[in-house]
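Q: My structure is in model.txt, and what it holds is compact mmCIF, C-alpha atoms:
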```
# COMPACT_ATOMS: atom_id res chain seq x y z
CA MET H 1 30.72 69.21 -164.34
CA THR H 2 29.36 72.72 -163.98
CA HIS H 3 27.80 73.61 -160.62
CA ALA H 4 29.40 70.49 -159.13
CA PHE H 5 29.13 71.91 -155.61
CA TYR H 6 25.35 72.29 -155.87
CA VAL H 7 24.75 68.93 -157.56
CA TYR H 8 27.01 66.86 -155.30
CA GLY H 9 25.92 68.91 -152.29
CA SER H 10 22.28 67.99 -152.99
CA TYR H 11 23.02 64.30 -153.48
CA GLY H 12 25.32 64.26 -150.46
CA PHE H 13 22.74 65.88 -148.21
CA ALA H 14 19.93 63.59 -149.45
CA ALA H 15 22.17 60.54 -148.91
CA LEU H 16 23.09 61.73 -145.42
CA VAL H 17 19.46 62.19 -144.37
CA THR H 18 18.13 58.96 -145.90
CA VAL H 19 21.01 56.87 -144.50
CA ALA H 20 20.58 58.49 -141.06
CA VAL H 21 16.81 57.79 -141.03
CA THR H 22 17.36 54.21 -142.23
CA LEU H 23 20.03 53.51 -139.57
CA TRP H 24 17.90 55.12 -136.86
CA THR H 25 14.87 52.99 -137.82
CA TRP H 26 17.01 49.85 -137.94
CA ALA H 27 18.69 50.59 -134.56
CA ASP H 28 15.29 51.32 -132.99
CA GLY H 29 14.00 47.92 -134.16
CA ARG H 30 17.06 46.16 -132.79
CA ALA H 31 16.74 47.84 -129.41
CA ARG H 32 13.02 46.95 -129.14
CA ARG H 33 13.71 43.35 -130.15
CA LYS H 34 16.36 43.13 -127.40
CA GLU H 35 13.92 44.52 -124.83
CA LEU H 36 11.28 41.98 -125.81
CA ALA H 37 13.84 39.17 -125.62
CA ALA H 38 14.94 40.34 -122.16
CA LEU H 39 11.33 40.39 -120.94
CA GLU H 40 10.76 36.94 -122.40
CA ALA H 41 13.91 35.66 -120.70
CA SER H 42 12.69 36.96 -117.34
CA GLY H 43 9.45 35.00 -117.82
CA ILE H 44 7.18 37.90 -118.75
CA ARG H 45 5.11 37.07 -121.80
CA ARG H 46 2.05 38.37 -123.57
CA ARG H 47 -1.20 36.85 -122.41
CA SER H 48 -1.77 35.26 -125.82
CA ALA H 49 1.70 33.69 -125.77
CA ARG H 50 1.10 32.29 -122.29
CA ALA H 51 -2.26 30.83 -123.30
CA LYS H 52 -0.59 29.03 -126.20
CA ASP H 53 1.96 27.50 -123.87
CA GLY H 54 -0.88 26.27 -121.68
CA GLU H 55 0.41 28.09 -118.61
CA MET T 1 -12.88 30.99 -130.60
CA SER T 2 -10.69 28.53 -132.43
CA GLU T 3 -9.39 30.88 -135.12
CA THR T 4 -5.69 31.24 -134.44
CA SER T 5 -4.53 31.36 -138.06
CA LEU T 6 -2.33 34.31 -138.99
CA ALA T 7 -3.32 34.16 -142.66
CA ILE T 8 -4.34 37.50 -144.14
CA THR T 9 -7.39 37.08 -146.34
CA LYS T 10 -8.82 40.57 -146.33
CA PHE T 11 -7.51 44.09 -145.71
CA SER T 12 -9.28 44.41 -142.35
CA ASP T 13 -7.26 41.41 -141.09
CA LEU T 14 -4.31 43.78 -140.93
CA ALA T 15 -6.07 45.43 -138.00
CA ASN T 16 -4.56 42.69 -135.89
CA PRO T 17 -1.05 43.88 -134.91
CA THR T 18 0.24 40.30 -134.69
CA ARG T 19 -0.89 39.65 -138.26
CA PHE T 20 0.69 42.94 -139.30
CA LEU T 21 4.01 41.88 -137.73
CA ALA T 22 3.88 38.54 -139.57
CA LEU T 23 3.21 40.30 -142.87
CA ALA T 24 5.95 42.89 -142.22
CA ALA T 25 8.50 40.15 -141.52
CA ARG T 26 7.59 38.47 -144.79
CA ILE T 27 7.60 41.51 -147.11
CA LEU T 28 10.29 43.79 -145.64
CA PRO T 29 13.31 41.97 -147.17
CA TRP T 30 11.65 42.11 -150.61
CA MET T 31 10.77 45.77 -150.22
CA ALA T 32 14.32 46.63 -149.12
CA ALA T 33 15.77 44.75 -152.11
CA PHE T 34 13.35 46.44 -154.52
CA THR T 35 14.24 49.87 -153.05
CA ALA T 36 17.98 49.22 -153.43
CA LEU T 37 17.51 48.04 -157.03
CA CYS T 38 15.46 51.12 -157.93
CA PHE T 39 18.12 53.38 -156.41
CA VAL T 40 20.91 51.68 -158.38
CA VAL T 41 19.02 52.17 -161.66
CA GLY T 42 17.77 55.63 -160.69
CA LEU T 43 21.19 56.95 -159.66
CA TYR T 44 22.76 55.49 -162.80
CA LEU T 45 20.19 57.27 -164.97
CA SER T 46 20.48 60.46 -162.90
CA PHE T 47 24.16 60.81 -163.70
CA THR T 48 24.29 59.42 -167.24
CA THR T 49 21.46 61.35 -168.91
CA GLU T 50 22.03 64.67 -170.66
CA GLY T 51 22.10 68.01 -168.87
CA ASP T 52 19.45 70.59 -169.68
CA TYR T 53 20.23 73.31 -172.25
CA GLN T 54 19.27 76.01 -169.75
CA GLN T 55 19.75 74.45 -166.31
CA GLY T 56 22.89 72.56 -167.29
CA GLU T 57 23.96 69.92 -164.78
CA THR T 58 21.75 71.31 -162.03
CA VAL T 59 18.81 69.50 -163.64
CA ARG T 60 20.17 66.42 -161.82
CA ILE T 61 19.16 68.00 -158.51
CA MET T 62 15.55 67.69 -159.72
CA TYR T 63 15.82 63.89 -159.65
CA ILE T 64 15.98 64.00 -155.85
CA HIS T 65 14.19 67.29 -155.17
CA VAL T 66 10.94 66.37 -156.93
CA PRO T 67 10.57 62.84 -155.40
CA ALA T 68 11.38 64.22 -151.92
CA ALA T 69 8.81 66.99 -152.34
CA TRP T 70 6.21 64.47 -153.53
CA LEU T 71 6.90 62.26 -150.50
CA SER T 72 6.66 65.20 -148.13
CA MET T 73 3.01 65.58 -149.24
CA MET T 74 2.31 61.84 -149.48
CA GLY T 75 3.66 61.34 -145.94
CA TYR T 76 1.25 63.93 -144.60
CA THR T 77 -1.64 62.44 -146.59
CA ILE T 78 -0.90 59.00 -145.08
CA MET T 79 -0.90 60.62 -141.63
CA SER T 80 -4.27 62.26 -142.38
CA LEU T 81 -5.83 58.97 -143.53
CA SER T 82 -4.44 57.34 -140.38
CA ALA T 83 -5.90 60.17 -138.29
CA ILE T 84 -9.34 59.40 -139.75
CA GLY T 85 -8.74 55.73 -138.81
CA THR T 86 -7.92 56.79 -135.26
CA LEU T 87 -10.90 59.11 -134.82
CA VAL T 88 -13.59 57.13 -136.67
CA TRP T 89 -12.71 53.48 -136.08
CA ARG T 90 -10.29 53.75 -133.12
CA HIS T 91 -8.13 51.45 -135.18
CA PRO T 92 -5.08 50.45 -133.09
CA LEU T 93 -2.75 50.44 -136.09
CA ALA T 94 -3.93 53.83 -137.39
CA ASP T 95 -2.17 55.76 -134.63
CA VAL T 96 0.90 53.56 -135.02
CA SER T 97 0.93 54.45 -138.73
CA ALA T 98 0.57 58.21 -138.12
CA LYS T 99 3.26 58.22 -135.44
CA ALA T 100 5.69 56.23 -137.62
CA ALA T 101 5.13 58.45 -140.70
CA ALA T 102 5.84 61.80 -138.99
CA PRO T 103 9.66 61.63 -138.72
CA LEU T 104 9.88 60.16 -142.23
CA GLY T 105 7.74 62.94 -143.65
CA ALA T 106 9.87 65.51 -141.84
CA ALA T 107 13.08 63.98 -143.23
CA PHE T 108 11.85 64.04 -146.84
CA THR T 109 10.50 67.59 -146.45
CA LEU T 110 13.93 68.67 -145.20
CA ILE T 111 15.56 67.04 -148.24
CA ALA T 112 13.11 68.85 -150.55
CA LEU T 113 13.81 72.21 -148.87
CA VAL T 114 17.61 71.89 -148.86
CA THR T 115 17.96 70.48 -152.39
CA GLY T 116 15.54 73.13 -153.66
CA SER T 117 17.69 75.77 -152.04
CA LEU T 118 20.86 74.28 -153.56
CA TRP T 119 19.18 74.42 -156.97
CA GLY T 120 17.79 77.91 -156.41
CA LYS T 121 21.14 79.55 -155.70
CA PRO T 122 22.70 78.90 -159.14
CA MET T 123 19.41 79.05 -161.11
CA TRP T 124 17.42 81.81 -159.40
CA GLY T 125 20.37 83.60 -157.85
CA THR T 126 19.02 83.16 -154.34
CA TRP T 127 18.95 80.39 -151.72
CA TRP T 128 15.44 81.25 -150.58
CA VAL T 129 12.43 83.42 -151.35
CA TRP T 130 9.24 83.66 -149.32
CA ASP T 131 7.01 82.74 -152.24
CA ALA T 132 3.81 80.72 -151.72
CA ARG T 133 5.26 77.29 -152.62
CA LEU T 134 8.44 77.58 -150.57
CA THR T 135 6.68 79.10 -147.59
CA SER T 136 3.86 76.51 -147.54
CA VAL T 137 6.40 73.64 -147.68
CA PHE T 138 8.39 75.25 -144.88
CA ILE T 139 5.16 75.39 -142.84
CA LEU T 140 4.63 71.68 -143.61
CA PHE T 141 8.10 70.98 -142.18
CA LEU T 142 7.28 72.93 -139.00
CA MET T 143 3.95 71.06 -138.72
CA TYR T 144 5.75 67.71 -138.87
CA LEU T 145 8.06 68.82 -136.05
CA GLY T 146 5.14 70.17 -134.02
CA LEU T 147 3.18 66.92 -134.42
CA ILE T 148 6.17 64.81 -133.36
CA ALA T 149 6.66 67.03 -130.29
CA LEU T 150 2.94 67.00 -129.40
CA ASN T 151 2.67 63.22 -129.66
CA ARG T 152 5.68 62.76 -127.39
CA ALA T 153 4.53 65.37 -124.89
CA ILE T 154 1.39 63.42 -123.92
CA ASP T 155 2.12 60.36 -121.80
CA GLU T 156 -1.17 58.55 -122.19
CA PRO T 157 -1.08 56.81 -125.62
CA SER T 158 -4.83 56.89 -126.42
CA LYS T 159 -5.07 60.59 -125.54
CA ALA T 160 -1.91 61.38 -127.53
CA ALA T 161 -3.42 59.50 -130.49
CA ARG T 162 -6.70 61.44 -130.43
CA VAL T 163 -5.17 64.88 -129.90
CA SER T 164 -2.55 64.27 -132.61
CA ALA T 165 -5.22 62.99 -135.02
CA VAL T 166 -7.29 66.17 -134.65
CA LEU T 167 -4.27 68.39 -135.24
CA ILE T 168 -3.12 66.29 -138.23
CA LEU T 169 -6.54 66.73 -139.87
CA VAL T 170 -6.56 70.48 -139.20
CA GLY T 171 -3.11 70.71 -140.78
CA PHE T 172 -4.22 68.82 -143.89
CA VAL T 173 -5.56 72.11 -145.24
CA ASN T 174 -1.93 72.91 -146.09
CA ILE T 175 -1.60 70.04 -148.62
CA PRO T 176 -3.88 71.47 -151.35
CA ILE T 177 -2.36 74.89 -150.63
CA ILE T 178 1.11 73.47 -151.38
CA LYS T 179 -0.11 71.65 -154.51
CA PHE T 180 -1.99 74.59 -156.01
CA SER T 181 0.15 77.44 -154.63
CA VAL T 182 1.97 77.69 -157.95
CA ASP T 183 -1.36 78.15 -159.80
CA TRP T 184 -3.13 80.40 -157.30
CA TRP T 185 -0.29 82.83 -156.74
CA ASN T 186 2.49 84.33 -158.78
CA THR T 187 5.45 82.32 -157.51
CA LEU T 188 9.12 82.13 -158.41
CA HIS T 189 8.70 78.35 -158.15
CA GLN T 190 7.59 76.89 -161.49
CA SER T 191 4.15 75.33 -161.95
CA ALA T 192 3.48 71.59 -162.27
CA SER T 193 5.33 69.91 -165.16
CA VAL T 194 4.81 66.16 -164.53
CA LEU T 195 1.26 65.69 -163.19
CA ARG T 196 -0.68 67.81 -165.68
CA LEU T 197 -3.97 67.18 -167.43
CA ASP T 198 -2.28 67.53 -170.83
CA GLY T 199 0.58 65.16 -169.95
CA PRO T 200 4.12 65.79 -168.71
CA ALA T 201 5.75 68.90 -170.12
CA ILE T 202 9.31 67.66 -169.79
CA ASP T 203 11.49 65.71 -172.21
CA PRO T 204 11.66 61.88 -171.80
CA GLU T 205 15.41 62.27 -171.27
CA PHE T 206 14.63 63.93 -167.91
CA LEU T 207 11.36 62.13 -167.25
CA ARG T 208 12.96 58.67 -167.16
CA PRO T 209 15.43 59.24 -164.29
CA LEU T 210 12.82 61.34 -162.51
CA LEU T 211 10.21 58.58 -162.54
CA VAL T 212 12.66 55.84 -161.53
CA MET T 213 13.92 57.99 -158.65
CA ALA T 214 10.31 58.74 -157.66
CA VAL T 215 9.59 54.99 -157.48
CA ALA T 216 12.85 54.45 -155.51
CA PHE T 217 12.05 57.20 -152.99
CA THR T 218 8.45 55.97 -152.60
CA ALA T 219 9.65 52.38 -152.07
CA LEU T 220 12.14 53.65 -149.48
CA PHE T 221 9.36 55.55 -147.72
CA PHE T 222 7.08 52.51 -147.47
CA THR T 223 9.92 50.21 -146.41
CA LEU T 224 10.86 52.60 -143.62
CA HIS T 225 7.21 53.24 -142.72
CA ILE T 226 6.41 49.54 -142.27
CA THR T 227 9.67 49.04 -140.32
CA ALA T 228 8.89 52.02 -138.06
CA MET T 229 5.32 50.74 -137.53
CA ARG T 230 6.70 47.33 -136.53
CA ASN T 231 9.10 49.08 -134.11
CA GLU T 232 6.24 51.08 -132.61
CA ILE T 233 4.13 47.92 -132.07
CA TRP T 234 7.10 46.33 -130.33
CA ARG T 235 7.62 49.50 -128.23
CA ARG T 236 3.98 49.34 -127.07
CA ARG T 237 4.26 45.64 -126.26
CA VAL T 238 7.38 46.26 -124.18
CA ALA T 239 5.56 49.03 -122.30
CA ALA T 240 2.48 46.82 -121.75
CA GLN T 241 4.54 43.89 -120.52
CA ARG T 242 6.54 46.10 -118.17
CA ARG T 243 3.27 47.42 -116.72
CA MET T 244 2.03 43.88 -116.32
CA ALA T 245 5.28 42.84 -114.63
CA ALA T 246 5.00 45.80 -112.24
CA ARG T 247 1.40 44.84 -111.40
CA LEU T 248 2.37 41.24 -110.74
CA ALA T 249 5.32 42.33 -108.58
CA SER T 250 3.16 44.66 -106.49
CA ARG T 251 0.53 41.92 -106.02
CA GLU T 252 3.15 39.42 -104.86
CA GLY T 253 4.89 41.98 -102.64
```
Kindly return the structure encoded in the file as structure tokens.
A:
Amino acid sequence: MTHAFYVYGSYGFAALVTVAVTLWTWADGRARRKELAALEASGIRRRSARAKDGE
Amino acid sequence: MSETSLAITKFSDLANPTRFLALAARILPWMAAFTALCFVVGLYLSFTTEGDYQQGETVRIMYIHVPAAWLSMMGYTIMSLSAIGTLVWRHPLADVSAKAAAPLGAAFTLIALVTGSLWGKPMWGTWWVWDARLTSVFILFLMYLGLIALNRAIDEPSKAARVSAVLILVGFVNIPIIKFSVDWWNTLHQSASVLRLDGPAIDPEFLRPLLVMAVAFTALFFTLHITAMRNEIWRRRVAAQRRMAARLASREG
């Protein structure tokens, strides 16, 4: 392939950025889910959730 | 009120973050699968179609450069619509949407700039020129970074939302400048060849991979945007519950 450096360089860079953004978004979601679970475990819930439980 | 159903019957029902989370959980796996499928087909087409008689193999760079550039503008347009939602209706999800779109828009703008540069070196003989199109997109990239920094610099969420929304709308002036820069000024960057009143000016051989990759990139953007919005709602809930826990602790203490 002619200009292989430029073509593969472009695809490589685009892949790097999209994969990094996807992993970052996924990791952020996981971390927030863990925080919410930890709060729930310590008995802190949203008002709406508490109302449903009849507390 | 007895209405506790999470069913979404009209668009305004999405205003409820809990309903939004339920919808996101339902559609995200499908969106991710659709995105992956589009990328498989798009990448296959990108590397199996013919090279251009003038550009040679570098035409393949266009299959990622053009969709990324299109998303860089769509991302900002979504942020602007969200900013209107924040300022006019004080919609709680509007600010979440704007905040979630900013890093994604910045990422796709960076891809457009770098791939454009990698195409420019062999085809134009230069990595970069300060022509109207390239400069206006570079300014868009800086605006994304500035908006992310501004939003994070203000601690109070409702104030951060309002200030960011005003700046987003001021910055929207750059979007038509980017779009029409190639018509208004004499630029090294070529003028529009896909979205034209007289139809696309490029051969179907190149149009096919380009359109599939455009769908794939757009699907990726929306998948990530909805995921990031869900994360932001969770982040705000964690913050609210921590505040509540601190209040309860101080009352008991």
Q: When you get a sec, could you note down which chain H residues fall within 7 Å of chain T, using all atoms listed in the file, as a PDB file with C-alpha atoms, keeping the file's coordinate frame?
A:
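Resulting contents of selection.pdb:
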```
ATOM      1  CA  MET H   1      30.720  69.210-164.340  1.00  0.00           C
ATOM      2  CA  THR H   2      29.360  72.720-163.980  1.00  0.00           C
ATOM      3  CA  HIS H   3      27.800  73.610-160.620  1.00  0.00           C
ATOM      4  CA  TYR H   6      25.350  72.290-155.870  1.00  0.00           C
ATOM      5  CA  VAL H   7      24.750  68.930-157.560  1.00  0.00           C
ATOM      6  CA  SER H  10      22.280  67.990-152.990  1.00  0.00           C
ATOM      7  CA  ALA H  14      19.930  63.590-149.450  1.00  0.00           C
ATOM      8  CA  VAL H  17      19.460  62.190-144.370  1.00  0.00           C
ATOM      9  CA  THR H  22      17.360  54.210-142.230  1.00  0.00           C
ATOM     10  CA  THR H  25      14.870  52.990-137.820  1.00  0.00           C
ATOM     11  CA  ASP H  28      15.290  51.320-132.990  1.00  0.00           C
ATOM     12  CA  GLY H  29      14.000  47.920-134.160  1.00  0.00           C
ATOM     13  CA  ARG H  32      13.020  46.950-129.140  1.00  0.00           C
ATOM     14  CA  GLU H  35      13.920  44.520-124.830  1.00  0.00           C
ATOM     15  CA  LEU H  36      11.280  41.980-125.810  1.00  0.00           C
ATOM     16  CA  ILE H  44       7.180  37.900-118.750  1.00  0.00           C
ATOM     17  CA  ARG H  45       5.110  37.070-121.800  1.00  0.00           C
ATOM     18  CA  ARG H  46       2.050  38.370-123.570  1.00  0.00           C
TER      19      ARG H  46
END
```
Q: In Å, rounded to a single decimal, give me how far atom CA of Ile178 of chain T is from atom CA of Phe47 of chain T.
A: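 That distance, rounded to one decimal, is 29.0 Å.
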Q: I want to know what sits within 10 Å of Gly171 of chain T, based on only C-alpha atoms, with residues of the same chain fewer than 6 positions away left out; could you give that as a list in words?
A: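 So the residues in contact are Tyr76, Ser80, Ile139, Leu140, Met143, Tyr144, Leu147 and Ala165 of chain T.
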Q: Could you write out as lines of an AutoDock Vina configuration file the box around segment 119-134 of chain T (axis-aligned, all atoms listed in the file, 6 Å on each side), with centre and edge lengths in Å to one decimal?
A:
```
center_x = 13.3
center_y = 79.0
center_z = -155.2
size_x = 30.9
size_y = 21.2
size_z = 23.8
```
Q: One decimal, in Å: what's the spacing between atom CA of Arg243 of chain T and atom CA of Ser82 of chain T?
A: 26.8 Å
Q: Can you tell me how far atom CA of Gly105 of chain T sits from atom CA of Ser72 of chain T, in Å to one decimal?
A: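 Value for the atom CA of Gly105 of chain T-atom CA of Ser72 of chain T distance: 5.1 Å.
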Q: Mind checking which residues fall within 10 Å of segment 185-191 of chain T, counting only C-alpha atoms, ignoring those fewer than 5 positions away in the same chain, and posting them as a list in words?
A: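 Once the nearby chain positions are removed, what remains is Gly116, Gly120, Trp124, Val129, Trp130, Asp131, Ala132, Arg133, Leu134, Lys179, Phe180 and Arg196 of chain T.
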Q: Within 9 Å of segment 148-156 of chain T, counting all atoms listed in the file, which residues qualify if same-chain residues fewer than 6 places away don't, as a CSV table (one decimal) with C-alpha atoms, in the coordinates of the input?
A:
```csv
chain,number,residue,atom,x,y,z
T,99,LYS,CA,3.3,58.2,-135.4
T,102,ALA,CA,5.8,61.8,-139.0
T,103,PRO,CA,9.7,61.6,-138.7
T,163,VAL,CA,-5.2,64.9,-129.9
T,164,SER,CA,-2.6,64.3,-132.6
```
Q: Restricting the calculation to all atoms listed in the file, which member of T:Gly42, T:Gly75, T:Gly146, T:Pro157 is positioned closest to Ser97 of chain T?
A: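 With all atoms listed in the file as the atom set, the closest residue is T:Gly75.
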